[in-house]
Each structure stands twice: as C-alpha cells, then as structure tokens.
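Let me begin by presenting the structure, written as structure tokens, before commenting on it.
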Amino acid sequence: MTVYRQWFCKCSGKALELVGDPHIEEESLEPTCPRCGATPSSDPKHTISFKDRDNYSD
Ligand SMILES: [Zn+2]
C-alpha cells in the first residue's frame, strides 16, 4: 500500500501546498513552503499540516 503525503503550509492564511525542489540534492529532501520556507521538520510557526492520500482512491 502506497500513501502519498501532501504537505501544506498555512502561513498566507490559506493552505498552500509545499513543493519539493528537484535541484537540491541532499539526503533529506523535504518539501518546502515556497512562501515562508517552512518544512515539515522546521516549522517554527506551526503552520505545517499534511493530508495522506492513498493511490487507490484517486
Ligand atoms: Zn509557509
């Protein structure tokens, strides 16, 4: 079973989906908020949330 996790940041007042940067080659490639730069492991303002979607229901 594969689950795709969508990350969101609410820094702008509405949920903004985090994006991964394909140009960054690091071990921990995390999705990053394009607006404030928050990531799931670096979320100082607690604006990060996520939603799990499994492949079967799409
Ligand atoms: Zn943000």
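Ordering of the structure tokens sets the chain letters (A, B, ...), residue numbers begin anew at 1 in every chain, and ligands are numbered from 1 in the order given.
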Select the residues contacting ligand 1 at a distance of at most 10 Å, based on only C-alpha atoms and all ligand atoms, then format the selection as a compact mmCIF listing (two decimals) with N, CA and C atoms, in the first residue's frame.
```txt
# COMPACT_ATOMS: atom_id res chain seq x y z
N PHE A 8 1.06 20.90 3.51
CA PHE A 8 0.51 22.24 3.31
C PHE A 8 1.08 23.19 4.36
N CYS A 9 1.14 24.47 4.00
CA CYS A 9 1.53 25.50 4.95
C CYS A 9 0.45 26.57 4.93
N LYS A 10 0.10 27.02 6.11
CA LYS A 10 -1.00 28.00 6.23
C LYS A 10 -0.49 29.40 6.51
N CYS A 11 0.76 29.68 6.18
CA CYS A 11 1.36 30.97 6.52
C CYS A 11 0.66 32.13 5.84
N SER A 12 0.05 31.91 4.71
CA SER A 12 -0.58 33.01 3.99
C SER A 12 -2.05 33.13 4.36
N GLY A 13 -2.52 32.29 5.26
CA GLY A 13 -3.91 32.33 5.66
C GLY A 13 -4.76 31.26 5.00
N LYS A 14 -4.22 30.68 3.95
CA LYS A 14 -4.89 29.55 3.33
C LYS A 14 -3.86 28.46 3.07
N ALA A 15 -4.32 27.24 2.91
CA ALA A 15 -3.39 26.13 2.75
C ALA A 15 -2.67 26.21 1.42
N LEU A 16 -1.35 26.28 1.51
CA LEU A 16 -0.52 26.33 0.32
C LEU A 16 0.28 25.04 0.27
N GLU A 17 0.21 24.34 -0.85
CA GLU A 17 0.91 23.06 -0.91
C GLU A 17 2.42 23.26 -0.99
N LEU A 18 3.14 22.49 -0.17
CA LEU A 18 4.59 22.57 -0.20
C LEU A 18 5.12 21.90 -1.45
N THR A 32 9.16 22.08 0.74
CA THR A 32 9.39 23.37 1.37
C THR A 32 8.30 24.35 0.95
N CYS A 33 7.86 25.15 1.90
CA CYS A 33 6.89 26.18 1.58
C CYS A 33 7.54 27.23 0.69
N PRO A 34 6.97 27.48 -0.48
CA PRO A 34 7.57 28.47 -1.39
C PRO A 34 7.43 29.90 -0.87
N ARG A 35 6.60 30.09 0.13
CA ARG A 35 6.37 31.44 0.64
C ARG A 35 7.25 31.77 1.84
N CYS A 36 7.25 30.87 2.86
CA CYS A 36 7.99 31.18 4.08
C CYS A 36 9.18 30.26 4.32
N GLY A 37 9.31 29.21 3.53
CA GLY A 37 10.46 28.34 3.66
C GLY A 37 10.35 27.28 4.73
N ALA A 38 9.18 27.17 5.36
CA ALA A 38 9.00 26.15 6.38
C ALA A 38 8.99 24.75 5.75
N THR A 39 9.48 23.79 6.51
CA THR A 39 9.43 22.39 6.07
C THR A 39 8.80 21.57 7.19
N ASP A 43 9.35 23.90 11.44
CA ASP A 43 8.03 24.53 11.38
C ASP A 43 7.85 25.42 12.60
N LYS A 45 6.50 28.24 13.18
CA LYS A 45 5.22 28.91 13.43
C LYS A 45 4.05 27.94 13.47
N HIS A 46 4.36 26.65 13.36
CA HIS A 46 3.33 25.61 13.40
C HIS A 46 2.25 25.85 12.36
N THR A 47 2.70 26.11 11.17
CA THR A 47 1.76 26.34 10.06
C THR A 47 1.68 25.13 9.14
N ILE A 48 2.52 24.13 9.42
CA ILE A 48 2.58 22.97 8.53
C ILE A 48 1.51 21.94 8.91
```
Quick one: DSSP strand (DSSP E) residues in chain A, as number ranges by chain? A: 3-9, 16-17, 48-54
